[in-house]
Amino acid sequence: MQKINAAITSVGGYVPETRLTNFDLEKMVDTNNEWIISRTGIEERRILKEPGLGSSDMAVPAIQEILRKKNLNPKDIDCIICATVTPDMVFPATANIIADKIGATNAWGYDMSAACSGFLFALSTGAMYIESGRYKKVIVVGVDKMSAIIDYTDRATCIIFGDGAGAVLLEATAEENYIKDSILKSDGSGRQFLHMKAGGSLKPATMETVLAKEHFAFQEGQSVFKFAVKGMADVSAELLERNNLTGDDIAWLVPHQANLRIIDATANRMGLSKDKVMINIQKYGNTTAATLPLCLWDWESRLKKGDNIILAAFGGGFTWGATWVKWAY
Ligand code: UT7
């Protein structure tokens with residue numbers, strides 16, 4: 001029997017209108033534009049600031065763009081996997097809320113919590129549902145409303161993160177252009193460096209946890225930086241090596257947009273020149289699960305059928321990994 005392969009056949013994205021610039025942040029915390037640009041590469045981020053809107057409200061327009069482009073009925077979607085650490089609610093899953101809002105009444109779905117590697121992990125999982133032959137159309141969406149969990153008096157985190165959503169459609173293909181290979185990793189011993197202290201079952205919300213600001217993202221930046229540089233570069237190099245690829249074979253690196261210096265280190269290790277690296281951190285900041293699909297969304301018109309693309313991520317958990325995709329359209 002011929003093996004079924006999974007291809008990315010469409011991309012959609014959404015970022016909120018409101019821009020939070022480095023100059024805005026200068027007025028909020030003790031920081032400055034030069035420091036932020038030289039240490040991270042970020043110039044501005046988008047913020048979903050209207051009250052009453054959550055992550056699902058960014059995922060919905062990203063997926064609707066795909067439905068429009070592919071002329072699909074929402075009822076055709078079999079499954080929605082939503083990668084996020086900022087779900088609308090702790091439960092039910094944001095994927096279910098998204099399905100309801102877009103009218104995907106035949107879809108089942110769930111959320112995947114793998115922080116900045118969430119989209120990569122969900123992409124691999126979604127591809128396997130297609131490869132199994134059981135499902136024909138799977139949506140993988142990476143979305144985070146990081147502004148909901150950021151303390152805008154903490155200069156260590158508020159300069160980094162932004163809000164956004166990106167989605168892809170996965171379908172079966174008989175061609176050679178499909179999701180070829182992945183190496184995915186996690187190491188829970190890194191949890192101390194990047195986490196939310198309270199609000200989970202370990203430390204439920206109390207007046208004290210709120211006053212102690214324990215419902216915001218906490219990051220020990222330097223420690224995460226060291227692991228990220230090594231983790232993302234190592235796994236990307238390993239993926240190339242085991243598939244007998246070199247930097248010359250690669251059309252694009254799609255790196256998680258956490259820090260320009262981590263992106264540069266990964267590209268160098270893979271032997272890639274900067275013109276082959278997708279970088280949009282300057283305008284969106286770190287949107288956690290949305291960075292990779294937002295890059296694909298921004299670059300979609302420049303991608304060519306058969307392009308070898310490496311997606312790579314590193315994030316809280318720790319979680320990290322790299323995926324080789326041959327672009328299908
Ligand atoms: O996406 C999930 C994974 N996350 C990551 O990959 C993030 C990894 N980490 C990073 O990207 C970097 O560690 C940061 C961008 C978060 C911080 O950059 P850094 O170069 O590691 O800075 P640092 O924390 O070592 O701080 C250097 C100096 C310190 O001052 P002193 O002690 O040298 O006088 C900080 O107090 O910069 C100071 N500093 C700031 N100054 C202006 C820290 N934050 C700021 C700020 N503005 N926002």
# chains A, B, ... in the order shown; residues from 1 in each chain; ligands from 1
>>> residues_around(residues="Thr40 (chain A)", least_positions_apart="6", cutoff="10 Å", atoms="only C-alpha atoms", output="list in words")
Glu34, Ile159, Ile160, Gln257, Ala258, Asn259, Leu260, Arg261, Ile262, Ile281, Gln282, Gly285 and Asn286 of chain A
>>> write_last_selection(atoms="N, CA, C and O atoms", output="PDB file, in the first residue's frame")
ATOM      1  N   GLU A  34      17.395  51.415  22.039  1.00  0.00           N
ATOM      2  CA  GLU A  34      18.692  50.856  21.604  1.00  0.00           C
ATOM      3  C   GLU A  34      18.946  49.525  22.287  1.00  0.00           C
ATOM      4  O   GLU A  34      19.387  48.566  21.658  1.00  0.00           O
ATOM      5  N   ILE A 159       9.288  43.544  27.237  1.00  0.00           N
ATOM      6  CA  ILE A 159       9.841  44.032  25.970  1.00  0.00           C
ATOM      7  C   ILE A 159       9.846  42.949  24.895  1.00  0.00           C
ATOM      8  O   ILE A 159      10.044  43.232  23.720  1.00  0.00           O
ATOM      9  N   ILE A 160       9.645  41.712  25.305  1.00  0.00           N
ATOM     10  CA  ILE A 160       9.860  40.588  24.388  1.00  0.00           C
ATOM     11  C   ILE A 160       8.600  40.170  23.639  1.00  0.00           C
ATOM     12  O   ILE A 160       8.628  39.935  22.438  1.00  0.00           O
ATOM     13  N   GLN A 257      10.910  33.119  16.702  1.00  0.00           N
ATOM     14  CA  GLN A 257      11.362  34.511  16.801  1.00  0.00           C
ATOM     15  C   GLN A 257      11.405  34.925  18.272  1.00  0.00           C
ATOM     16  O   GLN A 257      10.497  35.590  18.770  1.00  0.00           O
ATOM     17  N   ALA A 258      12.464  34.489  18.976  1.00  0.00           N
ATOM     18  CA  ALA A 258      12.597  34.845  20.390  1.00  0.00           C
ATOM     19  C   ALA A 258      13.655  35.910  20.569  1.00  0.00           C
ATOM     20  O   ALA A 258      13.546  36.755  21.450  1.00  0.00           O
ATOM     21  N   ASN A 259      14.696  35.818  19.740  1.00  0.00           N
ATOM     22  CA  ASN A 259      15.832  36.711  19.916  1.00  0.00           C
ATOM     23  C   ASN A 259      16.689  36.596  18.655  1.00  0.00           C
ATOM     24  O   ASN A 259      17.049  35.493  18.249  1.00  0.00           O
ATOM     25  N   LEU A 260      17.006  37.728  18.061  1.00  0.00           N
ATOM     26  CA  LEU A 260      17.772  37.733  16.813  1.00  0.00           C
ATOM     27  C   LEU A 260      19.113  37.026  16.969  1.00  0.00           C
ATOM     28  O   LEU A 260      19.605  36.377  16.042  1.00  0.00           O
ATOM     29  N   ARG A 261      19.690  37.111  18.182  1.00  0.00           N
ATOM     30  CA  ARG A 261      21.005  36.475  18.385  1.00  0.00           C
ATOM     31  C   ARG A 261      20.884  34.955  18.374  1.00  0.00           C
ATOM     32  O   ARG A 261      21.795  34.256  17.929  1.00  0.00           O
ATOM     33  N   ILE A 262      19.756  34.412  18.856  1.00  0.00           N
ATOM     34  CA  ILE A 262      19.546  32.955  18.821  1.00  0.00           C
ATOM     35  C   ILE A 262      19.325  32.524  17.363  1.00  0.00           C
ATOM     36  O   ILE A 262      19.837  31.493  16.912  1.00  0.00           O
ATOM     37  N   ILE A 281      10.772  39.271  13.637  1.00  0.00           N
ATOM     38  CA  ILE A 281      10.749  39.597  15.073  1.00  0.00           C
ATOM     39  C   ILE A 281      10.658  41.107  15.288  1.00  0.00           C
ATOM     40  O   ILE A 281      10.067  41.564  16.272  1.00  0.00           O
ATOM     41  N   GLN A 282      11.231  41.890  14.342  1.00  0.00           N
ATOM     42  CA  GLN A 282      11.239  43.347  14.534  1.00  0.00           C
ATOM     43  C   GLN A 282       9.828  43.914  14.616  1.00  0.00           C
ATOM     44  O   GLN A 282       9.574  44.867  15.333  1.00  0.00           O
ATOM     45  N   GLY A 285       7.635  40.864  17.593  1.00  0.00           N
ATOM     46  CA  GLY A 285       8.202  40.352  18.845  1.00  0.00           C
ATOM     47  C   GLY A 285       8.062  38.838  18.901  1.00  0.00           C
ATOM     48  O   GLY A 285       7.946  38.168  17.866  1.00  0.00           O
ATOM     49  N   ASN A 286       8.049  38.308  20.119  1.00  0.00           N
ATOM     50  CA  ASN A 286       7.919  36.866  20.325  1.00  0.00           C
ATOM     51  C   ASN A 286       6.441  36.547  20.598  1.00  0.00           C
ATOM     52  O   ASN A 286       5.928  36.862  21.674  1.00  0.00           O
TER      53      ASN A 286
END
>>> select_by_dssp(residues="region 81-115 of chain A", states="strand (DSSP E)", output="list of chain:residue names")
A:Ile81, A:Cys82, A:Ala83, A:Trp108, A:Gly109, A:Tyr110, A:Asp111, A:Met112
>>> write_last_selection(atoms="all heavy atoms", output="compact mmCIF listing (two decimals), in the first residue's frame")
# COMPACT_ATOMS: atom_id res chain seq x y z
N ILE A 81 -6.07 21.43 15.80
CA ILE A 81 -5.14 21.37 16.94
C ILE A 81 -4.68 22.80 17.20
O ILE A 81 -4.14 23.45 16.29
CB ILE A 81 -3.92 20.48 16.67
CG1 ILE A 81 -4.35 19.12 16.12
CG2 ILE A 81 -3.10 20.30 17.95
CD1 ILE A 81 -3.18 18.23 15.72
N CYS A 82 -4.90 23.27 18.41
CA CYS A 82 -4.55 24.66 18.75
C CYS A 82 -3.37 24.66 19.71
O CYS A 82 -3.49 24.23 20.87
CB CYS A 82 -5.76 25.34 19.39
SG CYS A 82 -5.39 27.01 19.93
N ALA A 83 -2.23 25.13 19.24
CA ALA A 83 -1.05 25.27 20.10
C ALA A 83 -1.11 26.62 20.79
O ALA A 83 -1.16 27.66 20.11
CB ALA A 83 0.22 25.15 19.27
N TRP A 108 -13.22 17.59 15.46
CA TRP A 108 -12.84 17.41 16.85
C TRP A 108 -11.52 18.17 17.03
O TRP A 108 -10.89 18.58 16.04
CB TRP A 108 -12.68 15.92 17.20
CG TRP A 108 -11.56 15.24 16.48
CD1 TRP A 108 -11.50 14.93 15.15
CD2 TRP A 108 -10.32 14.82 17.04
NE1 TRP A 108 -10.30 14.33 14.85
CE2 TRP A 108 -9.55 14.25 15.99
CE3 TRP A 108 -9.76 14.86 18.32
CZ2 TRP A 108 -8.27 13.72 16.19
CZ3 TRP A 108 -8.49 14.33 18.50
CH2 TRP A 108 -7.76 13.77 17.46
N GLY A 109 -11.13 18.38 18.26
CA GLY A 109 -9.89 19.14 18.43
C GLY A 109 -9.50 19.26 19.88
O GLY A 109 -10.25 18.88 20.78
N TYR A 110 -8.33 19.79 20.08
CA TYR A 110 -7.81 19.95 21.43
C TYR A 110 -6.66 20.95 21.41
O TYR A 110 -6.18 21.32 20.34
CB TYR A 110 -7.32 18.60 22.00
CG TYR A 110 -6.26 17.94 21.15
CD1 TYR A 110 -4.91 18.17 21.36
CD2 TYR A 110 -6.62 17.09 20.10
CE1 TYR A 110 -3.95 17.59 20.57
CE2 TYR A 110 -5.66 16.51 19.30
CZ TYR A 110 -4.33 16.75 19.55
OH TYR A 110 -3.37 16.18 18.75
N ASP A 111 -6.24 21.38 22.59
CA ASP A 111 -5.12 22.32 22.70
C ASP A 111 -3.83 21.56 22.98
O ASP A 111 -3.85 20.51 23.63
CB ASP A 111 -5.35 23.32 23.84
CG ASP A 111 -6.48 24.30 23.53
OD1 ASP A 111 -7.04 24.21 22.42
OD2 ASP A 111 -6.79 25.12 24.41
N MET A 112 -2.74 22.12 22.50
CA MET A 112 -1.44 21.55 22.79
C MET A 112 -0.61 22.60 23.51
O MET A 112 -0.45 23.71 23.02
CB MET A 112 -0.75 21.12 21.51
CG MET A 112 0.57 20.46 21.80
SD MET A 112 1.28 19.71 20.37
CE MET A 112 0.26 18.27 20.16
>>> closest_residue(among="A:Ile179, A:Val15, A:Cys79, A:Ala62", to="Lys49 (chain A)", atoms="only C-alpha atoms")
A:Val15
>>> residues_around(residues="Ala104 (chain A)", least_positions_apart="2", cutoff="7 Å", atoms="only C-alpha atoms", output="list in words")
Pro74, Lys75, Ile77, Ala99, Asp100, Ile102, Asn106 and Ala107 of chain A
>>> atom_distance(atom1="CA of Ala290 (chain A)", atom2="CA of Ile130 (chain A)")
21.8 Å
>>> decode(residues="region 117-144 of chain A", atoms="N, CA and C atoms", output="PDB file, in the first residue's frame")
ATOM      1  N   SER A 117       7.424  25.901  21.270  1.00  0.00           N
ATOM      2  CA  SER A 117       7.518  24.776  20.333  1.00  0.00           C
ATOM      3  C   SER A 117       6.141  24.216  20.007  1.00  0.00           C
ATOM      4  N   GLY A 118       5.095  24.835  20.513  1.00  0.00           N
ATOM      5  CA  GLY A 118       3.746  24.295  20.374  1.00  0.00           C
ATOM      6  C   GLY A 118       3.343  24.064  18.923  1.00  0.00           C
ATOM      7  N   PHE A 119       3.631  25.037  18.060  1.00  0.00           N
ATOM      8  CA  PHE A 119       3.220  24.869  16.659  1.00  0.00           C
ATOM      9  C   PHE A 119       3.960  23.696  16.020  1.00  0.00           C
ATOM     10  N   LEU A 120       5.253  23.588  16.331  1.00  0.00           N
ATOM     11  CA  LEU A 120       6.067  22.509  15.746  1.00  0.00           C
ATOM     12  C   LEU A 120       5.562  21.136  16.196  1.00  0.00           C
ATOM     13  N   PHE A 121       5.263  21.014  17.480  1.00  0.00           N
ATOM     14  CA  PHE A 121       4.753  19.741  18.006  1.00  0.00           C
ATOM     15  C   PHE A 121       3.384  19.427  17.389  1.00  0.00           C
ATOM     16  N   ALA A 122       2.537  20.456  17.280  1.00  0.00           N
ATOM     17  CA  ALA A 122       1.185  20.250  16.726  1.00  0.00           C
ATOM     18  C   ALA A 122       1.246  19.921  15.236  1.00  0.00           C
ATOM     19  N   LEU A 123       2.206  20.526  14.540  1.00  0.00           N
ATOM     20  CA  LEU A 123       2.366  20.251  13.104  1.00  0.00           C
ATOM     21  C   LEU A 123       2.697  18.777  12.884  1.00  0.00           C
ATOM     22  N   SER A 124       3.611  18.277  13.698  1.00  0.00           N
ATOM     23  CA  SER A 124       4.019  16.869  13.595  1.00  0.00           C
ATOM     24  C   SER A 124       2.839  15.946  13.907  1.00  0.00           C
ATOM     25  N   THR A 125       2.103  16.286  14.957  1.00  0.00           N
ATOM     26  CA  THR A 125       0.956  15.476  15.369  1.00  0.00           C
ATOM     27  C   THR A 125      -0.116  15.486  14.273  1.00  0.00           C
ATOM     28  N   GLY A 126      -0.415  16.684  13.766  1.00  0.00           N
ATOM     29  CA  GLY A 126      -1.433  16.812  12.712  1.00  0.00           C
ATOM     30  C   GLY A 126      -1.036  16.032  11.470  1.00  0.00           C
ATOM     31  N   ALA A 127       0.257  16.087  11.128  1.00  0.00           N
ATOM     32  CA  ALA A 127       0.747  15.352   9.941  1.00  0.00           C
ATOM     33  C   ALA A 127       0.494  13.858  10.114  1.00  0.00           C
ATOM     34  N   MET A 128       0.668  13.361  11.337  1.00  0.00           N
ATOM     35  CA  MET A 128       0.468  11.923  11.567  1.00  0.00           C
ATOM     36  C   MET A 128      -1.002  11.526  11.415  1.00  0.00           C
ATOM     37  N   TYR A 129      -1.924  12.435  11.765  1.00  0.00           N
ATOM     38  CA  TYR A 129      -3.360  12.131  11.551  1.00  0.00           C
ATOM     39  C   TYR A 129      -3.649  11.977  10.051  1.00  0.00           C
ATOM     40  N   ILE A 130      -3.025  12.842   9.229  1.00  0.00           N
ATOM     41  CA  ILE A 130      -3.200  12.729   7.770  1.00  0.00           C
ATOM     42  C   ILE A 130      -2.547  11.427   7.279  1.00  0.00           C
ATOM     43  N   GLU A 131      -1.305  11.175   7.748  1.00  0.00           N
ATOM     44  CA  GLU A 131      -0.571   9.979   7.297  1.00  0.00           C
ATOM     45  C   GLU A 131      -1.310   8.685   7.651  1.00  0.00           C
ATOM     46  N   SER A 132      -2.071   8.732   8.739  1.00  0.00           N
ATOM     47  CA  SER A 132      -2.802   7.529   9.165  1.00  0.00           C
ATOM     48  C   SER A 132      -3.955   7.200   8.212  1.00  0.00           C
ATOM     49  N   GLY A 133      -4.349   8.181   7.405  1.00  0.00           N
ATOM     50  CA  GLY A 133      -5.456   7.975   6.471  1.00  0.00           C
ATOM     51  C   GLY A 133      -6.825   8.232   7.091  1.00  0.00           C
ATOM     52  N   ARG A 134      -6.878   8.498   8.369  1.00  0.00           N
ATOM     53  CA  ARG A 134      -8.187   8.664   9.026  1.00  0.00           C
ATOM     54  C   ARG A 134      -8.785  10.037   8.815  1.00  0.00           C
ATOM     55  N   TYR A 135      -7.938  11.036   8.599  1.00  0.00           N
ATOM     56  CA  TYR A 135      -8.455  12.405   8.460  1.00  0.00           C
ATOM     57  C   TYR A 135      -7.893  13.048   7.194  1.00  0.00           C
ATOM     58  N   LYS A 136      -8.738  13.879   6.569  1.00  0.00           N
ATOM     59  CA  LYS A 136      -8.359  14.469   5.258  1.00  0.00           C
ATOM     60  C   LYS A 136      -7.933  15.931   5.385  1.00  0.00           C
ATOM     61  N   LYS A 137      -8.538  16.634   6.345  1.00  0.00           N
ATOM     62  CA  LYS A 137      -8.227  18.056   6.468  1.00  0.00           C
ATOM     63  C   LYS A 137      -8.024  18.410   7.943  1.00  0.00           C
ATOM     64  N   VAL A 138      -6.783  18.722   8.274  1.00  0.00           N
ATOM     65  CA  VAL A 138      -6.443  19.057   9.663  1.00  0.00           C
ATOM     66  C   VAL A 138      -5.921  20.492   9.690  1.00  0.00           C
ATOM     67  N   ILE A 139      -6.472  21.293  10.594  1.00  0.00           N
ATOM     68  CA  ILE A 139      -5.972  22.659  10.805  1.00  0.00           C
ATOM     69  C   ILE A 139      -5.043  22.644  12.025  1.00  0.00           C
ATOM     70  N   VAL A 140      -3.850  23.201  11.857  1.00  0.00           N
ATOM     71  CA  VAL A 140      -2.952  23.420  12.992  1.00  0.00           C
ATOM     72  C   VAL A 140      -2.807  24.925  13.154  1.00  0.00           C
ATOM     73  N   VAL A 141      -3.190  25.421  14.323  1.00  0.00           N
ATOM     74  CA  VAL A 141      -3.106  26.865  14.560  1.00  0.00           C
ATOM     75  C   VAL A 141      -2.234  27.126  15.786  1.00  0.00           C
ATOM     76  N   GLY A 142      -1.316  28.072  15.645  1.00  0.00           N
ATOM     77  CA  GLY A 142      -0.490  28.522  16.775  1.00  0.00           C
ATOM     78  C   GLY A 142      -0.954  29.917  17.143  1.00  0.00           C
ATOM     79  N   VAL A 143      -1.369  30.097  18.375  1.00  0.00           N
ATOM     80  CA  VAL A 143      -1.904  31.415  18.763  1.00  0.00           C
ATOM     81  C   VAL A 143      -1.521  31.714  20.200  1.00  0.00           C
ATOM     82  N   ASP A 144      -1.141  32.942  20.460  1.00  0.00           N
ATOM     83  CA  ASP A 144      -0.934  33.351  21.848  1.00  0.00           C
ATOM     84  C   ASP A 144      -1.260  34.817  22.048  1.00  0.00           C
TER      85      ASP A 144
END
